[in-house]
>>> print(open('entry_32.pdb').read())   # PDB, C-alpha atoms, pLDDT in the B column
ATOM      1  CA  MET A   1     162.116  -6.539 -20.415  1.00 55.00           C
ATOM      2  CA  SER A   2     162.050  -4.938 -23.870  1.00 61.00           C
ATOM      3  CA  ASN A   3     161.525  -1.196 -24.309  1.00 64.00           C
ATOM      4  CA  ALA A   4     158.003  -1.770 -25.656  1.00 65.00           C
ATOM      5  CA  ASP A   5     157.132  -3.947 -22.662  1.00 65.00           C
ATOM      6  CA  ALA A   6     158.601  -1.421 -20.246  1.00 69.00           C
ATOM      7  CA  GLU A   7     156.553   1.350 -21.847  1.00 75.00           C
ATOM      8  CA  SER A   8     153.320  -0.654 -21.624  1.00 73.00           C
ATOM      9  CA  VAL A   9     153.986  -1.350 -17.931  1.00 69.00           C
ATOM     10  CA  MET A  10     154.682   2.339 -17.268  1.00 77.00           C
ATOM     11  CA  ASP A  11     151.422   3.306 -19.052  1.00 82.00           C
ATOM     12  CA  ASP A  12     149.353   0.891 -16.967  1.00 82.00           C
ATOM     13  CA  PRO A  13     147.821   2.561 -13.856  1.00 85.00           C
ATOM     14  CA  PHE A  14     148.331  -0.463 -11.610  1.00 81.00           C
ATOM     15  CA  TRP A  15     151.625  -1.915 -12.840  1.00 76.00           C
ATOM     16  CA  SER A  16     153.316   1.472 -13.136  1.00 80.00           C
ATOM     17  CA  VAL A  17     152.860   1.991  -9.384  1.00 83.00           C
ATOM     18  CA  VAL A  18     154.129  -1.526  -8.623  1.00 80.00           C
ATOM     19  CA  ARG A  19     157.162  -0.967 -10.863  1.00 78.00           C
ATOM     20  CA  ARG A  20     157.887   2.461  -9.316  1.00 83.00           C
ATOM     21  CA  ARG A  21     157.684   1.090  -5.742  1.00 86.00           C
ATOM     22  CA  HIS A  22     159.612  -2.123  -6.528  1.00 82.00           C
ATOM     23  CA  PRO A  23     162.115  -1.407  -9.314  1.00 81.00           C
ATOM     24  CA  ASP A  24     164.048  -4.555  -8.392  1.00 82.00           C
ATOM     25  CA  LEU A  25     161.158  -6.832  -9.462  1.00 75.00           C
ATOM     26  CA  ASP A  26     160.709  -8.147 -12.951  1.00 72.00           C
ATOM     27  CA  ILE A  27     157.015  -8.427 -13.717  1.00 65.00           C
ATOM     28  CA  VAL A  28     155.864 -11.339 -15.798  1.00 67.00           C
ATOM     29  CA  ILE A  29     152.172 -11.767 -16.509  1.00 70.00           C
ATOM     30  CA  LEU A  30     151.145 -15.141 -17.871  1.00 70.00           C
ATOM     31  CA  PRO A  31     147.685 -16.102 -19.045  1.00 72.00           C
ATOM     32  CA  PRO A  32     145.959 -18.794 -17.016  1.00 68.00           C
ATOM     33  CA  GLU A  33     146.547 -22.309 -18.255  1.00 61.00           C
ATOM     34  CA  PRO A  34     143.492 -23.795 -19.901  1.00 54.00           C
ATOM     35  CA  ALA A  35     141.842 -26.487 -17.864  1.00 49.00           C
ATOM     36  CA  THR A  36     142.019 -29.840 -19.564  1.00 52.00           C
ATOM     37  CA  ALA A  37     139.852 -32.771 -18.723  1.00 57.00           C
ATOM     38  CA  GLY A  38     142.411 -35.544 -18.630  1.00 67.00           C
ATOM     39  CA  GLU A  39     141.922 -39.253 -18.496  1.00 77.00           C
ATOM     40  CA  SER A  40     140.225 -40.659 -15.413  1.00 74.00           C
ATOM     41  CA  GLY A  41     142.683 -43.518 -14.905  1.00 78.00           C
ATOM     42  CA  LEU A  42     139.789 -45.815 -13.982  1.00 82.00           C
ATOM     43  CA  PRO A  43     139.007 -49.114 -15.718  1.00 87.00           C
ATOM     44  CA  LEU A  44     136.558 -48.982 -18.629  1.00 91.00           C
ATOM     45  CA  ARG A  45     132.966 -50.015 -17.935  1.00 92.00           C
ATOM     46  CA  ALA A  46     130.077 -51.023 -20.159  1.00 94.00           C
ATOM     47  CA  PRO A  47     127.557 -48.181 -20.591  1.00 95.00           C
ATOM     48  CA  GLU A  48     124.411 -50.242 -21.282  1.00 95.00           C
ATOM     49  CA  PRO A  49     124.149 -52.009 -17.883  1.00 96.00           C
ATOM     50  CA  PHE A  50     125.062 -48.742 -16.160  1.00 96.00           C
ATOM     51  CA  ALA A  51     122.261 -46.909 -18.000  1.00 96.00           C
ATOM     52  CA  GLY A  52     119.841 -49.634 -16.912  1.00 96.00           C
ATOM     53  CA  LEU A  53     120.866 -49.205 -13.278  1.00 96.00           C
ATOM     54  CA  GLU A  54     120.474 -45.423 -13.502  1.00 96.00           C
ATOM     55  CA  THR A  55     117.023 -45.759 -15.071  1.00 96.00           C
ATOM     56  CA  SER A  56     116.025 -48.144 -12.288  1.00 97.00           C
ATOM     57  CA  GLU A  57     117.394 -45.689  -9.697  1.00 96.00           C
ATOM     58  CA  ALA A  58     115.347 -42.849 -11.237  1.00 97.00           C
ATOM     59  CA  ASP A  59     112.215 -45.036 -11.180  1.00 97.00           C
ATOM     60  CA  ASP A  60     112.841 -45.942  -7.528  1.00 96.00           C
ATOM     61  CA  SER A  61     113.382 -42.273  -6.641  1.00 96.00           C
ATOM     62  CA  TRP A  62     110.100 -41.385  -8.358  1.00 97.00           C
ATOM     63  CA  ALA A  63     108.296 -44.111  -6.418  1.00 96.00           C
ATOM     64  CA  ARG A  64     109.680 -42.780  -3.101  1.00 95.00           C
ATOM     65  CA  LEU A  65     109.146 -39.088  -3.856  1.00 96.00           C
ATOM     66  CA  VAL A  66     105.853 -39.208  -5.763  1.00 96.00           C
ATOM     67  CA  GLY A  67     104.377 -42.695  -5.556  1.00 93.00           C
ATOM     68  CA  HIS A  68     101.760 -42.218  -8.279  1.00 91.00           C
ATOM     69  CA  GLY A  69     101.314 -41.580 -11.987  1.00 91.00           C
ATOM     70  CA  MET A  70     103.082 -42.898 -15.039  1.00 94.00           C
ATOM     71  CA  PRO A  71     105.855 -40.399 -15.764  1.00 97.00           C
ATOM     72  CA  VAL A  72     107.255 -40.000 -19.260  1.00 97.00           C
ATOM     73  CA  PRO A  73     110.942 -41.023 -19.298  1.00 97.00           C
ATOM     74  CA  ALA A  74     113.726 -39.520 -21.389  1.00 97.00           C
ATOM     75  CA  SER A  75     117.403 -40.411 -21.112  1.00 97.00           C
ATOM     76  CA  ARG A  76     120.644 -39.372 -22.752  1.00 96.00           C
ATOM     77  CA  TRP A  77     124.401 -39.366 -22.352  1.00 97.00           C
ATOM     78  CA  ILE A  78     126.240 -36.139 -21.568  1.00 96.00           C
ATOM     79  CA  PRO A  79     129.963 -35.353 -21.159  1.00 94.00           C
ATOM     80  CA  GLY A  80     131.581 -36.604 -17.974  1.00 93.00           C
ATOM     81  CA  PRO A  81     134.192 -34.922 -15.784  1.00 92.00           C
ATOM     82  CA  THR A  82     137.056 -36.362 -17.876  1.00 91.00           C
ATOM     83  CA  ARG A  83     137.368 -36.764 -21.624  1.00 90.00           C
ATOM     84  CA  ASP A  84     137.137 -40.548 -21.376  1.00 92.00           C
ATOM     85  CA  SER A  85     133.914 -40.501 -19.344  1.00 94.00           C
ATOM     86  CA  VAL A  86     130.212 -39.804 -19.755  1.00 95.00           C
ATOM     87  CA  ARG A  87     127.273 -39.163 -17.446  1.00 97.00           C
ATOM     88  CA  HIS A  88     123.818 -40.616 -17.922  1.00 97.00           C
ATOM     89  CA  THR A  89     120.730 -38.490 -17.291  1.00 98.00           C
ATOM     90  CA  VAL A  90     117.207 -39.764 -16.841  1.00 98.00           C
ATOM     91  CA  THR A  91     114.333 -37.282 -16.748  1.00 98.00           C
ATOM     92  CA  LEU A  92     110.861 -38.308 -15.647  1.00 98.00           C
ATOM     93  CA  THR A  93     107.934 -35.912 -16.171  1.00 98.00           C
ATOM     94  CA  LEU A  94     104.282 -36.057 -15.207  1.00 97.00           C
ATOM     95  CA  ASP A  95     101.810 -33.447 -16.444  1.00 97.00           C
ATOM     96  CA  GLY A  96      98.495 -32.460 -14.906  1.00 96.00           C
ATOM     97  CA  VAL A  97      99.665 -32.452 -11.279  1.00 96.00           C
ATOM     98  CA  SER A  98      97.713 -30.068  -9.056  1.00 96.00           C
ATOM     99  CA  ARG A  99      99.598 -27.286  -7.296  1.00 96.00           C
ATOM    100  CA  THR A 100      98.720 -28.742  -3.898  1.00 96.00           C
ATOM    101  CA  ALA A 101     100.056 -32.190  -4.801  1.00 96.00           C
ATOM    102  CA  GLY A 102     103.163 -30.870  -6.568  1.00 95.00           C
ATOM    103  CA  ILE A 103     104.221 -28.566  -3.739  1.00 95.00           C
ATOM    104  CA  GLY A 104     103.363 -31.276  -1.210  1.00 96.00           C
ATOM    105  CA  HIS A 105     105.740 -33.739  -2.908  1.00 97.00           C
ATOM    106  CA  LEU A 106     108.501 -31.150  -2.863  1.00 96.00           C
ATOM    107  CA  ARG A 107     108.003 -30.413   0.835  1.00 94.00           C
ATOM    108  CA  GLU A 108     108.417 -34.093   1.697  1.00 95.00           C
ATOM    109  CA  ALA A 109     111.364 -34.641  -0.658  1.00 96.00           C
ATOM    110  CA  GLY A 110     114.025 -32.963   1.482  1.00 93.00           C
ATOM    111  CA  ASP A 111     113.686 -35.390   4.386  1.00 93.00           C
ATOM    112  CA  LEU A 112     113.293 -38.436   2.126  1.00 95.00           C
ATOM    113  CA  LEU A 113     116.405 -37.601   0.119  1.00 96.00           C
ATOM    114  CA  THR A 114     118.465 -36.763   3.208  1.00 95.00           C
ATOM    115  CA  SER A 115     117.597 -40.150   4.722  1.00 94.00           C
ATOM    116  CA  ASP A 116     118.808 -41.775   1.470  1.00 91.00           C
ATOM    117  CA  GLY A 117     122.247 -40.145   1.814  1.00 92.00           C
ATOM    118  CA  TRP A 118     121.742 -37.141  -0.451  1.00 95.00           C
ATOM    119  CA  GLN A 119     122.999 -33.672   0.435  1.00 96.00           C
ATOM    120  CA  VAL A 120     119.914 -31.535  -0.150  1.00 96.00           C
ATOM    121  CA  PHE A 121     119.456 -27.872  -1.065  1.00 96.00           C
ATOM    122  CA  ILE A 122     116.067 -26.192  -1.410  1.00 94.00           C
ATOM    123  CA  PRO A 123     116.427 -22.840  -3.195  1.00 93.00           C
ATOM    124  CA  PRO A 124     114.275 -20.160  -1.530  1.00 91.00           C
ATOM    125  CA  THR A 125     113.281 -18.419  -4.788  1.00 92.00           C
ATOM    126  CA  GLY A 126     112.433 -19.287  -8.360  1.00 91.00           C
ATOM    127  CA  MET A 127     110.666 -22.384  -9.604  1.00 92.00           C
ATOM    128  CA  PRO A 128     109.780 -24.733  -6.721  1.00 95.00           C
ATOM    129  CA  ARG A 129     112.498 -27.383  -6.680  1.00 96.00           C
ATOM    130  CA  VAL A 130     114.815 -29.503  -4.613  1.00 97.00           C
ATOM    131  CA  THR A 131     118.398 -30.164  -5.674  1.00 97.00           C
ATOM    132  CA  ALA A 132     120.539 -32.887  -4.186  1.00 97.00           C
ATOM    133  CA  ASP A 133     123.871 -34.540  -4.759  1.00 96.00           C
ATOM    134  CA  ARG A 134     125.986 -37.288  -3.332  1.00 95.00           C
ATOM    135  CA  PRO A 135     129.566 -38.322  -4.016  1.00 93.00           C
ATOM    136  CA  GLY A 136     130.301 -40.922  -6.642  1.00 89.00           C
ATOM    137  CA  GLU A 137     133.353 -42.696  -7.977  1.00 86.00           C
ATOM    138  CA  LEU A 138     134.003 -40.062 -10.651  1.00 89.00           C
ATOM    139  CA  GLY A 139     132.289 -36.816  -9.659  1.00 89.00           C
ATOM    140  CA  ALA A 140     128.988 -36.382  -7.876  1.00 93.00           C
ATOM    141  CA  GLU A 141     125.607 -37.841  -8.736  1.00 96.00           C
ATOM    142  CA  SER A 142     122.900 -35.168  -8.806  1.00 97.00           C
ATOM    143  CA  LEU A 143     119.132 -35.046  -8.590  1.00 97.00           C
ATOM    144  CA  LEU A 144     116.751 -32.243  -9.496  1.00 97.00           C
ATOM    145  CA  PHE A 145     113.123 -32.603  -8.404  1.00 98.00           C
ATOM    146  CA  GLY A 146     110.760 -29.788  -9.253  1.00 97.00           C
ATOM    147  CA  TYR A 147     107.300 -28.576 -10.058  1.00 97.00           C
ATOM    148  CA  ALA A 148     106.260 -26.073 -12.725  1.00 96.00           C
ATOM    149  CA  PRO A 149     103.048 -24.469 -11.389  1.00 95.00           C
ATOM    150  CA  GLU A 150     102.202 -22.803 -14.723  1.00 94.00           C
ATOM    151  CA  THR A 151     101.980 -26.135 -16.540  1.00 95.00           C
ATOM    152  CA  GLY A 152     101.285 -28.546 -13.682  1.00 96.00           C
ATOM    153  CA  ARG A 153     104.410 -30.536 -14.571  1.00 97.00           C
ATOM    154  CA  LEU A 154     106.235 -32.517 -11.915  1.00 97.00           C
ATOM    155  CA  PHE A 155     109.729 -33.601 -12.950  1.00 98.00           C
ATOM    156  CA  LEU A 156     112.720 -35.524 -11.662  1.00 98.00           C
ATOM    157  CA  ARG A 157     116.146 -35.543 -13.323  1.00 98.00           C
ATOM    158  CA  LEU A 158     118.824 -37.932 -12.115  1.00 98.00           C
ATOM    159  CA  THR A 159     122.341 -37.346 -13.448  1.00 98.00           C
ATOM    160  CA  SER A 160     124.862 -40.083 -12.772  1.00 97.00           C
ATOM    161  CA  THR A 161     128.405 -39.879 -11.599  1.00 95.00           C
ATOM    162  CA  GLY A 162     130.982 -40.182 -14.375  1.00 94.00           C
ATOM    163  CA  LEU A 163     131.379 -43.518 -16.109  1.00 95.00           C
ATOM    164  CA  THR A 164     134.722 -44.302 -17.738  1.00 94.00           C
ATOM    165  CA  VAL A 165     134.096 -45.679 -21.229  1.00 94.00           C
ATOM    166  CA  GLY A 166     137.123 -44.471 -23.221  1.00 92.00           C
ATOM    167  CA  THR A 167     137.471 -41.336 -25.312  1.00 91.00           C
ATOM    168  CA  SER A 168     136.139 -42.691 -28.606  1.00 92.00           C
ATOM    169  CA  ARG A 169     133.188 -44.481 -26.957  1.00 94.00           C
ATOM    170  CA  ALA A 170     132.344 -41.309 -25.000  1.00 93.00           C
ATOM    171  CA  ARG A 171     132.162 -39.378 -28.271  1.00 93.00           C
ATOM    172  CA  GLU A 172     129.913 -42.057 -29.791  1.00 94.00           C
ATOM    173  CA  LEU A 173     127.518 -42.055 -26.826  1.00 95.00           C
ATOM    174  CA  ILE A 174     127.274 -38.288 -26.587  1.00 94.00           C
ATOM    175  CA  GLY A 175     126.862 -37.998 -30.354  1.00 88.00           C
ATOM    176  CA  SER A 176     124.160 -40.668 -30.427  1.00 60.00           C
ATOM    177  CA  ALA A 177     122.070 -38.636 -27.999  1.00 51.00           C
ATOM    178  CA  SER A 178     121.657 -35.738 -30.418  1.00 42.00           C
TER     179      SER A 178
END
>>> encode(input="entry_32.pdb", output="C-alpha cells")
Amino acid sequence: MSNADAESVMDDPFWSVVRRRHPDLDIVILPPEPATAGESGLPLRAPEPFAGLETSEADDSWARLVGHGMPVPASRWIPGPTRDSVRHTVTLTLDGVSRTAGIGHLREAGDLLTSDGWQVFIPPTGMPRVTADRPGELGAESLLFGYAPETGRLFLRLTSTGLTVGTSRARELIGSAS
C-alpha cells in the first residue's frame, strides 16, 4: 500500500477502525464489475413469425379477459435480456370503458390468468392493474392489464420472452421501432 493510500485509509472513519483492529490485513477495494449482457447461445429465430404469434396471443388474452370492443393495437421491439435478443410488446387499448366494467374485468383477470399458467400479482395501491409473468426460453413473458379510471381506458400489454435474432438484427429491429 502506498503512503497516499495508507493515509486515505487512516482518514476514513470505517476503514481506519478496520485497519487499526486488523493490521495484518491488506485492504483492497475494487469497483463492482459492470454487468454485460452477453450472447444467449441460442439458435437465431425469425422475428416476423414470432411477432405474429405474440400479436395473436395478445388478441386471445384480450378475448379471454375482456371479450368485447375493438381495441387499438400497437406493437414494437424492445431490447432483450442479452445483446443478441429482442422482446416484442403488443399493447391493446380500448377507450370509453365504464368504471364498473373496467374494474369488473380486472377482478376476474387474476383467476383467468392463474388458470392459464401465469404467476399473478395485484398491487394493492395505485392505478387498478394486474401484473403477471410466466417463464420463457430466454427470460420471462409478462402481461400488464389495467384500467385508467380518469380516462376510461382499458389496456393490456403483453411483452414476450427474449427472442435470439443476432446482435445486428436486434439493433435494426429496436431502431425501426423508433
>>> residues_around(input="entry_32.pdb", residues="A:Thr161", least_positions_apart="5", cutoff="10 Å", atoms="all atoms listed in the file", output="NGL selection string")
:A and (54 or 80-81 or 85-89 or 133-142)
>>> atom_distance(input="entry_32.pdb", atom1="atom CA of A:Leu92", atom2="atom CA of A:Met70")
9.1 Å
>>> atom_distance(input="entry_32.pdb", atom1="atom CA of A:Gly69", atom2="atom CA of A:Val130")
19.6 Å
>>> residues_near_point(input="entry_32.pdb", point="(139.8, -43.3, -19.1)", cutoff="9 Å", atoms="all atoms listed in the file", output="PyMOL selection string")
chain A and resi 38-44+82-85+163-167
>>> residues_around(input="entry_32.pdb", residues="A:Tyr147", least_positions_apart="4", cutoff="10 Å", atoms="all atoms listed in the file", output="ChimeraX atom specification")
/A:93-95,97-99,101-103,105-106,127-130,151-156
>>> atom_distance(input="entry_32.pdb", atom1="atom CA of A:Phe50", atom2="atom CA of A:Leu113")
21.5 Å
>>> residues_around(input="entry_32.pdb", residues="A:Asp116", least_positions_apart="3", cutoff="12 Å", atoms="all atoms listed in the file", output="list in words")
Glu57, Asp60, Ser61, Arg64, Leu65, Ala109, Gly110, Asp111, Leu112, Leu113, Gln119, Val120, Ala132, Asp133 and Arg134 of chain A
>>> residues_around(input="entry_32.pdb", residues="A:Gly52", least_positions_apart="2", cutoff="12 Å", atoms="all atoms listed in the file", output="list of chain:residue names")
A:Ala46, A:Pro47, A:Glu48, A:Pro49, A:Phe50, A:Glu54, A:Thr55, A:Ser56, A:Glu57, A:Ala58, A:Asp59, A:Ser75, A:Arg76, A:His88, A:Thr89, A:Val90, A:Ser160
>>> closest_residue(input="entry_32.pdb", among="A:Ala74, A:Arg19, A:Arg45, A:Gly175", to="A:Glu7", atoms="all atoms listed in the file")
A:Arg19
>>> closest_residue(input="entry_32.pdb", among="A:Phe14, A:Phe145, A:Trp62, A:Trp77", to="A:Arg157", atoms="all atoms listed in the file")
A:Phe145
>>> closest_residue(input="entry_32.pdb", among="A:Pro79, A:Gly146, A:Pro124, A:Asp11", to="A:Arg171", atoms="all atoms listed in the file")
A:Pro79
>>> build_atoms(input="entry_32.pdb", residues="stretch 89-121 of chain A", atoms="N, CA and C atoms", output="short mmCIF file (atom, residue, chain, number, x, y, z; two decimals), keeping the file's coordinate frame")
data_model
loop_
_atom_site.label_atom_id
_atom_site.label_comp_id
_atom_site.auth_asym_id
_atom_site.auth_seq_id
_atom_site.Cartn_x
_atom_site.Cartn_y
_atom_site.Cartn_z
N THR A 89 121.83 -39.20 -17.93
CA THR A 89 120.73 -38.49 -17.29
C THR A 89 119.42 -39.17 -17.64
N VAL A 90 118.56 -39.25 -16.66
CA VAL A 90 117.21 -39.76 -16.84
C VAL A 90 116.27 -38.69 -16.31
N THR A 91 115.33 -38.27 -17.15
CA THR A 91 114.33 -37.28 -16.75
C THR A 91 112.96 -37.93 -16.81
N LEU A 92 112.23 -37.81 -15.72
CA LEU A 92 110.86 -38.31 -15.65
C LEU A 92 109.93 -37.11 -15.48
N THR A 93 108.87 -37.03 -16.28
CA THR A 93 107.93 -35.91 -16.17
C THR A 93 106.51 -36.44 -16.11
N LEU A 94 105.70 -35.73 -15.34
CA LEU A 94 104.28 -36.06 -15.21
C LEU A 94 103.51 -34.75 -15.28
N ASP A 95 102.62 -34.65 -16.27
CA ASP A 95 101.81 -33.45 -16.44
C ASP A 95 100.47 -33.60 -15.72
N GLY A 96 99.82 -32.46 -15.50
CA GLY A 96 98.50 -32.46 -14.91
C GLY A 96 98.48 -32.65 -13.40
N VAL A 97 99.59 -32.32 -12.74
CA VAL A 97 99.66 -32.45 -11.28
C VAL A 97 99.16 -31.15 -10.66
N SER A 98 98.25 -31.27 -9.70
CA SER A 98 97.71 -30.07 -9.06
C SER A 98 98.80 -29.36 -8.25
N ARG A 99 98.63 -28.08 -8.06
CA ARG A 99 99.60 -27.29 -7.30
C ARG A 99 99.76 -27.84 -5.88
N THR A 100 98.66 -28.20 -5.26
CA THR A 100 98.72 -28.74 -3.90
C THR A 100 99.55 -30.02 -3.85
N ALA A 101 99.32 -30.92 -4.78
CA ALA A 101 100.06 -32.19 -4.80
C ALA A 101 101.53 -31.95 -5.14
N GLY A 102 101.78 -31.13 -6.15
CA GLY A 102 103.16 -30.87 -6.57
C GLY A 102 104.00 -30.26 -5.46
N ILE A 103 103.49 -29.22 -4.83
CA ILE A 103 104.22 -28.57 -3.74
C ILE A 103 104.35 -29.52 -2.54
N GLY A 104 103.31 -30.30 -2.31
CA GLY A 104 103.36 -31.28 -1.21
C GLY A 104 104.48 -32.29 -1.40
N HIS A 105 104.65 -32.79 -2.62
CA HIS A 105 105.74 -33.74 -2.91
C HIS A 105 107.09 -33.09 -2.67
N LEU A 106 107.23 -31.84 -3.06
CA LEU A 106 108.50 -31.15 -2.86
C LEU A 106 108.80 -30.95 -1.38
N ARG A 107 107.79 -30.62 -0.61
CA ARG A 107 108.00 -30.41 0.84
C ARG A 107 108.50 -31.67 1.52
N GLU A 108 108.01 -32.81 1.09
CA GLU A 108 108.42 -34.09 1.70
C GLU A 108 109.77 -34.58 1.18
N ALA A 109 110.17 -34.12 0.01
CA ALA A 109 111.36 -34.64 -0.66
C ALA A 109 112.65 -34.42 0.13
N GLY A 110 112.78 -33.27 0.76
CA GLY A 110 114.02 -32.96 1.48
C GLY A 110 114.38 -34.03 2.51
N ASP A 111 113.43 -34.38 3.36
CA ASP A 111 113.69 -35.39 4.39
C ASP A 111 113.93 -36.77 3.78
N LEU A 112 113.13 -37.13 2.76
CA LEU A 112 113.29 -38.44 2.13
C LEU A 112 114.67 -38.57 1.48
N LEU A 113 115.10 -37.54 0.78
CA LEU A 113 116.40 -37.60 0.12
C LEU A 113 117.55 -37.60 1.13
N THR A 114 117.43 -36.80 2.17
CA THR A 114 118.46 -36.76 3.21
C THR A 114 118.62 -38.15 3.85
N SER A 115 117.52 -38.82 4.11
CA SER A 115 117.60 -40.15 4.72
C SER A 115 118.20 -41.18 3.77
N ASP A 116 118.19 -40.89 2.46
CA ASP A 116 118.81 -41.78 1.47
C ASP A 116 120.27 -41.42 1.19
N GLY A 117 120.84 -40.48 1.96
CA GLY A 117 122.25 -40.15 1.81
C GLY A 117 122.55 -39.00 0.87
N TRP A 118 121.53 -38.28 0.43
CA TRP A 118 121.74 -37.14 -0.45
C TRP A 118 122.00 -35.89 0.37
N GLN A 119 122.81 -35.00 -0.15
CA GLN A 119 123.00 -33.67 0.44
C GLN A 119 122.01 -32.76 -0.29
N VAL A 120 121.07 -32.20 0.44
CA VAL A 120 119.91 -31.54 -0.15
C VAL A 120 120.02 -30.02 -0.02
N PHE A 121 119.57 -29.33 -1.07
CA PHE A 121 119.46 -27.87 -1.06
C PHE A 121 118.10 -27.51 -1.64
#
